[in-house]
Structure formats: C-alpha cells, structure tokens
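Trainee: Have a look at this one.
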Amino acid sequence: NGRIWANVISSNIIYEIDLRTGFVTKSLDLSSIVPLENKGSILSGFAYNNQKDILHVTGKNWPYIIGIRIDFWI
C-alpha cells in the first residue's frame with residue numbers, strides 16, 4: 001500500500017515509511033506488548049499479514065508471536 005515498516009535496532013520502536021517520499025509517517029513503541037518474563041528483551045521481528053490486516057510481532061527469546069491490529073492504517 002505504498003508503505004513499509006522498519007524497526008529501530010536495539011529498541012521496541014517501529015516506523016512506517018512512505019515509499020514515495022522516504023519520510024517516516026508513523027511510529028509505534030511496542031514496549032507495552034513485551035511479555036513480562038522477557039522485559040529485558042527487545043523486538044526482533046515483525047511481519048504484516050495483508051489477508052488478516054494484522055501485524056505479527058516477536059522478540060528475542062519471546063515464547064510466542066503476538067498479532068496486533070493497528071487502527072490507523074490509511
């Protein structure tokens with residue numbers, strides 16, 4: 001849809017980037033979804049499921065993958 005998501009290395013922040021302009025259009029701090037048993041761990045992977053409109057998120061040593069829906073897709 002003309003956008004790409006990229007993570008900030010060594011953090012729980014991801015950015016939405018407009019492919020036409022290269023500008024960051026949104027940012028999300030995903031720290032609040034880090035599992036309690038992994039609070040020292042960081043986000044290490046995410047993938048967008050276009051069919052379900054869900055962003056799958058996981059982190060280093062996380063025991064599972066979390067699916068989140070972002071309300072402000074344009």
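In the structure tokens, the first chain shown is A, the next is B, and so on; residue numbers restart at 1 for each chain, and ligands run from 1 in the order shown.
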Using only C-alpha atoms, which residues of segment 13-42 of chain A come within 8 Å of segment 58-69 of chain A, and what is the closest atom pair for each, with the distance in Å to one decimal? Give it as a tab-separated table, sorted by chain and residue number.
Mentor:
```
residue	atom	partner	partner_atom	distance
A:Val34	CA	A:Gly59	CA	7.8
A:Pro35	CA	A:Trp62	CA	7.0
A:Asn38	CA	A:Trp62	CA	6.4
A:Ser41	CA	A:Lys60	CA	6.0
A:Ile42	CA	A:Gly59	CA	5.5
```
Trainee: So that I can check the secondary structure, give me every residue of chain A assigned helix (DSSP H, G or I) by backbone DSSP, as a list of chain:residue names.
Mentor: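 Output for chain A, helix (DSSP H, G or I) only: A:Ser31, A:Ser32, A:Ile33, A:Leu36, A:Glu37, A:Asn38.
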Trainee: In chain A, what's strand (DSSP E) per DSSP? Answer as a PyMOL selection string?
Mentor: chain A and resi 3-7+13-18+24-29+43-49+54-59+66-68
Trainee: When you count only C-alpha atoms, which of these residues is closest to Ser31 of chain A: A:Ile17, A:Val57, A:Ala6, A:Ala47?
Mentor: A:Val57
